[in-house]
Amino acid sequence: MAEEVKLFRNWAGPFALRVVWALQLKGVPYDTIYEDLSEKSSLLLHYNPIHKKVPVLVHNGKPLAESLVILEYIEETWKQTPLFPEDPYERSTARFWARFGDDQLMPSVFNVFIKQGKEQEEAIARAQGDLKYLEEELRGKKFFSGEKIGFLDLAFGWVANLVSVFEEIQGLTLIEHEKYPLLLAWIQNFIDAPIIKESWPPRDKLITKYRARIEFYSSKEAAKK
Amino acid sequence: MAKSEVKLLGAWPSPFVMRPRIALNIKAVEYDFLEETFGSKSQLLLQSNPVHKKIPVLIHADKPICESLIIVQYIDEVWTSAPSILPSDPYDRAIQRFWAAYVDDKFFPTMRGISAAQGEEAKKAVVEQVAEALALLEEAFGKCSKGKAFFGGDRIGLLDIAFGSMLGWLRVTEKTNGLKLLDEAKTPGLAKWADRFCADAAVKGVMPETEKLAEFSKVLMAKMRGAPPPK
């Protein structure tokens with residue numbers, strides 16, 4: 001039976017990118033259907049969890065949503081190039097950090113770029129505290145998953161993909177050299193990996209898109225006062 | 001496996017703590033249940049879960065595992081000779097994981113929102129959202145159970161544990177607010193499933209009685225309002 005794998009995504013979505021990377025790393029052929037999603041697909045809407053939008057993978061007609069669920073499915077279905085650790089304890093640790101990334105780190109990073117004044121200072125302190133965990137996780141490792149890119153690197157891929165975009169838009173450095181040398185090294189190693197590089201969304205388009213989103217959410221924040 | 005090799009940090013009222021307890025029961029694994037004192041966090045908890053400082057934490061051979069659904073999957077992956085908690089088919093596993101995440105990310109916060117809602121209008125709106133969520137879960141039950149007793153089929157699985165652990169607080173919410181949320185008329189599948197779940201051997205001993213939980217709920221609400229707890 002011919003395998004049919006379709007991925008519904010939008011071009012910028014970091015959650016969708018995880019799935020793209022996983023499929024590419026495993027060499028799984030698939031068709032991409034680009035969705036023209038409205039602003040609700042924006043990563044910044046993660047700030048409001050009720051509207052979280054994720055990619056949809058359809059395998060032989062059966063659909064799946066939620067990028068982290070999809071990554072586990074991909075791992076269990078296509079066994080080549082394993083992305084998850086074999087050891088159950090290490091696997092639990094990877095799952096833990098992936099959820100931390102989505103549930104805690106992502107909102108705290110966004111707050112840095114949309115809040116102002118004292119709230120922004122607090123947001124920066126919070127986000128830098130959260131980023132410290134990532135710095136510590138990288139000790140003695142090239143990638144979060146060890147020598148090669150794996151699940152947790154894909155889960156944190158948005159850090160490599162989007163934070164510098166936000167930094168450029170707001171003229172604010174969050175991931176500072178002195179504080180996060182390992183994280184910055186990881187970002188470079190991740191970006192340079194061939195499979196990852198191939199699917200990197202164009203930076204100028206990302207800047208345009210997120211400039212609009214950040215302005216939108218910043219003014220919403222300011223209006224709250 | 002020596003009993004002291006497996007420890008669980010938790011508290012009896014927490015639905016999240018109930019999940020690994022059910023999983024350990026299914027696997028017939030003995031463990032030390034270390035109960036946290038309400039209102040304070042032990043040194044062991046702070047050391048074992050420095051990121052979130054929350055229960056449950058499973059400590060297996062001195063290694064901590066955090067987050068209830070991650071713990072349940074860990075238990076399933078370590079004690080493989082006992083009945084499986086996740087199905088074997090990758091698609092079925094993904095569906096269970098999807099809905100388990102839904103319970104945590106959407107259902108639980110919405111349900112909790114009922115008691116927090118200010119005023120009749122707001123309360124009605126939240127109750128409506130919970131009803132919608134339950135309708136979705138009723139549909140999921142039909143698809144996952146395929147006519148059998150549980151989301152997991154003949155036996156309790158991940159999604160049964162994820163959603164079933166919420167039943168205690170769901171019943172307290174119904175009682176406190178004079179509501180019927182899990183309704184035989186609207187969600188017949190779930191209504192019958194709920195009884196079966198609570199009667200299951202792995203669940204019976206760890207599901208708190210609604211009365212006891214309701215009493216605890218009053219203490220909790222008082223504490224949140226800053227009032228002294230009732231005697």
# chains A, B, ... in the order shown; residues from 1 in each chain; ligands from 1
>>> closest_atom_pairs(of="chain A", to="chain B", cutoff="10 Å", atoms="only C-alpha atoms", output="tab-separated table")
residue	atom	partner	partner_atom	distance
A:Pro49	CA	B:Asp105	CA	8.2
A:Ile50	CA	B:Lys106	CA	7.5
A:His59	CA	B:Tyr91	CA	9.2
A:Lys62	CA	B:Tyr91	CA	8.2
A:Pro63	CA	B:Tyr91	CA	9.1
A:Leu64	CA	B:Ala94	CA	7.4
A:Ala65	CA	B:Phe98	CA	7.4
A:Glu66	CA	B:Phe98	CA	6.8
A:Ser67	CA	B:Phe98	CA	9.8
A:Leu68	CA	B:Phe98	CA	9.2
A:Val69	CA	B:Ala94	CA	5.9
A:Ile70	CA	B:Ala94	CA	7.1
A:Leu71	CA	B:Ala94	CA	9.5
A:Glu72	CA	B:Ala94	CA	7.5
A:Tyr73	CA	B:Pro90	CA	5.8
A:Ile74	CA	B:Pro90	CA	8.5
A:Glu75	CA	B:Pro90	CA	9.1
A:Glu76	CA	B:Pro90	CA	6.0
A:Thr77	CA	B:Pro90	CA	6.5
A:Asp87	CA	B:Glu77	CA	9.2
A:Pro88	CA	B:Tyr74	CA	6.1
A:Tyr89	CA	B:Tyr74	CA	7.1
A:Glu90	CA	B:Ile65	CA	9.7
A:Arg91	CA	B:Tyr74	CA	8.2
A:Ser92	CA	B:Ile70	CA	6.0
A:Thr93	CA	B:Ile65	CA	7.3
A:Ala94	CA	B:Ile70	CA	9.9
A:Arg95	CA	B:Ile70	CA	7.0
A:Phe96	CA	B:Glu67	CA	7.1
A:Arg99	CA	B:Glu67	CA	9.2
A:Phe100	CA	B:Val51	CA	8.9
A:Asp103	CA	B:Asp105	CA	9.7
A:Gln104	CA	B:His52	CA	9.9
A:Asp130	CA	B:Val51	CA	8.8
A:Tyr133	CA	B:Val51	CA	8.5
>>> residues_around(residues="B:Ile22", least_positions_apart="5", cutoff="8 Å", atoms="only C-alpha atoms", output="JSON, numbers by chain")
{"B": [161, 202, 203, 206]}
>>> write_last_selection(atoms="N, CA and C atoms", output="compact mmCIF listing (two decimals), in the first residue's frame")
# COMPACT_ATOMS: atom_id res chain seq x y z
N ILE B 161 -7.36 7.38 32.70
CA ILE B 161 -6.68 7.92 33.87
C ILE B 161 -6.67 9.45 33.83
N ALA B 202 -8.16 -0.53 40.39
CA ALA B 202 -6.98 0.34 40.43
C ALA B 202 -7.32 1.76 40.89
N VAL B 203 -8.62 2.08 40.85
CA VAL B 203 -9.05 3.46 41.13
C VAL B 203 -9.69 3.60 42.51
N VAL B 206 -8.00 5.12 45.59
CA VAL B 206 -7.33 6.42 45.50
C VAL B 206 -8.26 7.56 45.10
>>> residues_around(residues="B:Glu211", least_positions_apart="6", cutoff="10 Å", atoms="only C-alpha atoms", output="list of chain:residue names")
B:Gly168, B:Arg171, B:Val172, B:Lys175, B:Ser217
>>> atom_distance(atom1="atom CA of B:Phe150", atom2="atom CA of A:Phe84")
29.1 Å
>>> closest_atom_pairs(of="stretch 78-166 of chain A", to="stretch 24-37 of chain A", cutoff="10 Å", atoms="only C-alpha atoms", output="JSON lines")
{"residue": "A:Trp78", "atom": "CA", "partner": "A:Lys26", "partner_atom": "CA", "distance": 7.2}
{"residue": "A:Lys79", "atom": "CA", "partner": "A:Lys26", "partner_atom": "CA", "distance": 8.1}
{"residue": "A:Gln80", "atom": "CA", "partner": "A:Lys26", "partner_atom": "CA", "distance": 6.0}
{"residue": "A:Thr81", "atom": "CA", "partner": "A:Lys26", "partner_atom": "CA", "distance": 5.6}
{"residue": "A:Pro82", "atom": "CA", "partner": "A:Lys26", "partner_atom": "CA", "distance": 8.0}
{"residue": "A:Leu83", "atom": "CA", "partner": "A:Leu25", "partner_atom": "CA", "distance": 8.7}
{"residue": "A:Ile149", "atom": "CA", "partner": "A:Leu25", "partner_atom": "CA", "distance": 9.0}
{"residue": "A:Gly150", "atom": "CA", "partner": "A:Leu25", "partner_atom": "CA", "distance": 9.2}
>>> select_by_dssp(residues="stretch 66-227 of chain B", states="alpha helix (DSSP H)", output="MDAnalysis selection string")
chainID B and resid 68:78 90:102 108:116 120:145 158:164 167:177 188:199 201:204 210:225
>>> residues_around(residues="stretch 142-146 of chain A", least_positions_apart="5", cutoff="8 Å", atoms="only C-alpha atoms", output="number ranges by chain")
A: 84-85, 137, 151-153, 186, 189-190
>>> write_last_selection(atoms="all heavy atoms", output="PDB file, in the first residue's frame")
ATOM      1  N   PHE A  84      14.027  10.182  19.710  1.00  0.00           N
ATOM      2  CA  PHE A  84      13.819  10.180  21.154  1.00  0.00           C
ATOM      3  C   PHE A  84      14.890   9.321  21.819  1.00  0.00           C
ATOM      4  O   PHE A  84      15.367   8.350  21.231  1.00  0.00           O
ATOM      5  CB  PHE A  84      12.445   9.579  21.496  1.00  0.00           C
ATOM      6  CG  PHE A  84      11.299  10.513  21.305  1.00  0.00           C
ATOM      7  CD1 PHE A  84      10.846  10.850  20.035  1.00  0.00           C
ATOM      8  CD2 PHE A  84      10.641  11.048  22.403  1.00  0.00           C
ATOM      9  CE1 PHE A  84       9.765  11.708  19.862  1.00  0.00           C
ATOM     10  CE2 PHE A  84       9.553  11.899  22.241  1.00  0.00           C
ATOM     11  CZ  PHE A  84       9.116  12.229  20.970  1.00  0.00           C
ATOM     12  N   PRO A  85      15.257   9.640  23.086  1.00  0.00           N
ATOM     13  CA  PRO A  85      16.185   8.764  23.799  1.00  0.00           C
ATOM     14  C   PRO A  85      15.543   7.398  24.028  1.00  0.00           C
ATOM     15  O   PRO A  85      14.328   7.288  24.126  1.00  0.00           O
ATOM     16  CB  PRO A  85      16.383   9.474  25.151  1.00  0.00           C
ATOM     17  CG  PRO A  85      15.707  10.782  25.060  1.00  0.00           C
ATOM     18  CD  PRO A  85      14.777  10.756  23.911  1.00  0.00           C
ATOM     19  N   GLU A 137      20.884  22.728  30.729  1.00  0.00           N
ATOM     20  CA  GLU A 137      20.619  21.456  30.055  1.00  0.00           C
ATOM     21  C   GLU A 137      21.645  21.163  28.970  1.00  0.00           C
ATOM     22  O   GLU A 137      21.845  20.009  28.581  1.00  0.00           O
ATOM     23  CB  GLU A 137      19.219  21.453  29.417  1.00  0.00           C
ATOM     24  CG  GLU A 137      18.116  21.031  30.354  1.00  0.00           C
ATOM     25  CD  GLU A 137      18.355  19.676  30.997  1.00  0.00           C
ATOM     26  OE1 GLU A 137      18.417  18.670  30.280  1.00  0.00           O
ATOM     27  OE2 GLU A 137      18.503  19.633  32.235  1.00  0.00           O
ATOM     28  N   PHE A 151      14.508  14.996  19.341  1.00  0.00           N
ATOM     29  CA  PHE A 151      13.201  15.528  19.715  1.00  0.00           C
ATOM     30  C   PHE A 151      13.267  16.872  20.443  1.00  0.00           C
ATOM     31  O   PHE A 151      12.580  17.824  20.068  1.00  0.00           O
ATOM     32  CB  PHE A 151      12.488  14.482  20.577  1.00  0.00           C
ATOM     33  CG  PHE A 151      11.292  15.000  21.322  1.00  0.00           C
ATOM     34  CD1 PHE A 151      10.114  15.292  20.652  1.00  0.00           C
ATOM     35  CD2 PHE A 151      11.336  15.207  22.686  1.00  0.00           C
ATOM     36  CE1 PHE A 151       8.999  15.772  21.342  1.00  0.00           C
ATOM     37  CE2 PHE A 151      10.232  15.677  23.386  1.00  0.00           C
ATOM     38  CZ  PHE A 151       9.062  15.967  22.709  1.00  0.00           C
ATOM     39  N   LEU A 152      14.096  16.961  21.466  1.00  0.00           N
ATOM     40  CA  LEU A 152      14.093  18.170  22.272  1.00  0.00           C
ATOM     41  C   LEU A 152      14.649  19.360  21.499  1.00  0.00           C
ATOM     42  O   LEU A 152      14.203  20.492  21.686  1.00  0.00           O
ATOM     43  CB  LEU A 152      14.859  17.942  23.581  1.00  0.00           C
ATOM     44  CG  LEU A 152      14.693  19.010  24.653  1.00  0.00           C
ATOM     45  CD1 LEU A 152      13.221  19.318  24.933  1.00  0.00           C
ATOM     46  CD2 LEU A 152      15.377  18.577  25.953  1.00  0.00           C
ATOM     47  N   ASP A 153      15.598  19.113  20.597  1.00  0.00           N
ATOM     48  CA  ASP A 153      16.098  20.201  19.753  1.00  0.00           C
ATOM     49  C   ASP A 153      14.974  20.704  18.861  1.00  0.00           C
ATOM     50  O   ASP A 153      14.806  21.910  18.653  1.00  0.00           O
ATOM     51  CB  ASP A 153      17.266  19.713  18.891  1.00  0.00           C
ATOM     52  CG  ASP A 153      18.394  19.180  19.733  1.00  0.00           C
ATOM     53  OD1 ASP A 153      19.163  20.001  20.259  1.00  0.00           O
ATOM     54  OD2 ASP A 153      18.483  17.940  19.896  1.00  0.00           O
ATOM     55  N   TRP A 186      24.383  26.485  20.582  1.00  0.00           N
ATOM     56  CA  TRP A 186      23.375  25.517  20.122  1.00  0.00           C
ATOM     57  C   TRP A 186      22.554  26.088  18.970  1.00  0.00           C
ATOM     58  O   TRP A 186      22.304  25.412  17.974  1.00  0.00           O
ATOM     59  CB  TRP A 186      22.444  25.110  21.266  1.00  0.00           C
ATOM     60  CG  TRP A 186      21.266  24.310  20.777  1.00  0.00           C
ATOM     61  CD1 TRP A 186      21.235  22.983  20.456  1.00  0.00           C
ATOM     62  CD2 TRP A 186      19.951  24.811  20.499  1.00  0.00           C
ATOM     63  NE1 TRP A 186      19.985  22.621  19.996  1.00  0.00           N
ATOM     64  CE2 TRP A 186      19.179  23.716  20.016  1.00  0.00           C
ATOM     65  CE3 TRP A 186      19.340  26.069  20.610  1.00  0.00           C
ATOM     66  CZ2 TRP A 186      17.830  23.847  19.650  1.00  0.00           C
ATOM     67  CZ3 TRP A 186      18.000  26.201  20.248  1.00  0.00           C
ATOM     68  CH2 TRP A 186      17.261  25.091  19.768  1.00  0.00           C
ATOM     69  N   ASN A 189      24.599  25.891  15.843  1.00  0.00           N
ATOM     70  CA  ASN A 189      24.721  24.505  15.381  1.00  0.00           C
ATOM     71  C   ASN A 189      23.419  24.010  14.773  1.00  0.00           C
ATOM     72  O   ASN A 189      23.403  23.290  13.780  1.00  0.00           O
ATOM     73  CB  ASN A 189      25.141  23.571  16.536  1.00  0.00           C
ATOM     74  CG  ASN A 189      26.596  23.745  16.904  1.00  0.00           C
ATOM     75  OD1 ASN A 189      27.436  24.012  16.043  1.00  0.00           O
ATOM     76  ND2 ASN A 189      26.908  23.601  18.172  1.00  0.00           N
ATOM     77  N   PHE A 190      22.317  24.411  15.403  1.00  0.00           N
ATOM     78  CA  PHE A 190      21.005  23.975  14.941  1.00  0.00           C
ATOM     79  C   PHE A 190      20.688  24.584  13.580  1.00  0.00           C
ATOM     80  O   PHE A 190      20.326  23.868  12.630  1.00  0.00           O
ATOM     81  CB  PHE A 190      19.943  24.369  15.971  1.00  0.00           C
ATOM     82  CG  PHE A 190      18.572  23.824  15.684  1.00  0.00           C
ATOM     83  CD1 PHE A 190      18.289  22.493  15.929  1.00  0.00           C
ATOM     84  CD2 PHE A 190      17.557  24.629  15.183  1.00  0.00           C
ATOM     85  CE1 PHE A 190      17.019  21.969  15.674  1.00  0.00           C
ATOM     86  CE2 PHE A 190      16.296  24.123  14.924  1.00  0.00           C
ATOM     87  CZ  PHE A 190      16.025  22.793  15.168  1.00  0.00           C
TER      88      PHE A 190
END
>>> residues_around(residues="A:Ile207", least_positions_apart="5", cutoff="9 Å", atoms="only C-alpha atoms", output="JSON, numbers by chain")
{"A": [165, 166, 168, 169, 202, 212]}
>>> residues_around(residues="A:Ala127", least_positions_apart="2", cutoff="8 Å", atoms="only C-alpha atoms", output="list in words")
Leu105, Ser108, Val109, Val112, Ala123, Ile124, Ala125, Gly129, Asp130 and Leu131 of chain A
>>> atom_distance(atom1="atom CA of B:Ser81", atom2="atom CA of B:Arg19")
19.6 Å
>>> select_by_dssp(residues="stretch 24-210 of chain A", states="strand (DSSP E)", output="PyMOL selection string")
chain A and resi 31-34+56-59+62-65
>>> write_last_selection(atoms="N, CA, C and O atoms", output="CSV table (one decimal), in the first residue's frame")
chain,number,residue,atom,x,y,z
A,31,ASP,N,3.5,15.4,1.4
A,31,ASP,CA,2.9,16.6,0.7
A,31,ASP,C,2.6,17.7,1.6
A,31,ASP,O,2.0,17.4,2.7
A,32,THR,N,3.0,18.9,1.3
A,32,THR,CA,2.6,20.0,2.1
A,32,THR,C,1.4,20.8,1.5
A,32,THR,O,1.4,21.1,0.3
A,33,ILE,N,0.5,21.0,2.4
A,33,ILE,CA,-0.6,21.9,2.0
A,33,ILE,C,-0.6,23.1,2.9
A,33,ILE,O,-0.7,23.1,4.1
A,34,TYR,N,-0.2,24.3,2.2
A,34,TYR,CA,-0.1,25.5,3.0
A,34,TYR,C,-1.5,26.1,3.2
A,34,TYR,O,-2.3,26.3,2.3
A,56,VAL,N,-1.6,20.0,11.3
A,56,VAL,CA,-2.3,18.7,11.2
A,56,VAL,C,-1.5,17.8,10.3
A,56,VAL,O,-1.2,18.2,9.1
A,57,LEU,N,-1.2,16.6,10.8
A,57,LEU,CA,-0.6,15.6,9.9
A,57,LEU,C,-1.7,14.6,9.6
A,57,LEU,O,-2.5,14.2,10.4
A,58,VAL,N,-1.8,14.2,8.3
A,58,VAL,CA,-2.7,13.2,7.9
A,58,VAL,C,-1.9,12.1,7.3
A,58,VAL,O,-1.3,12.2,6.3
A,59,HIS,N,-2.0,10.9,7.9
A,59,HIS,CA,-1.3,9.7,7.5
A,59,HIS,C,-2.3,8.7,7.0
A,59,HIS,O,-3.1,8.2,7.8
A,62,LYS,N,-5.7,9.4,8.1
A,62,LYS,CA,-6.0,9.6,9.5
A,62,LYS,C,-5.3,10.9,10.1
A,62,LYS,O,-4.1,11.0,10.0
A,63,PRO,N,-6.1,11.8,10.6
A,63,PRO,CA,-5.5,13.1,11.0
A,63,PRO,C,-5.0,13.1,12.4
A,63,PRO,O,-5.6,12.5,13.3
A,64,LEU,N,-4.0,13.9,12.7
A,64,LEU,CA,-3.5,14.1,14.0
A,64,LEU,C,-3.1,15.6,14.2
A,64,LEU,O,-2.6,16.2,13.3
A,65,ALA,N,-3.4,16.1,15.4
A,65,ALA,CA,-3.0,17.5,15.7
A,65,ALA,C,-2.2,17.5,17.0
A,65,ALA,O,-2.1,16.5,17.6
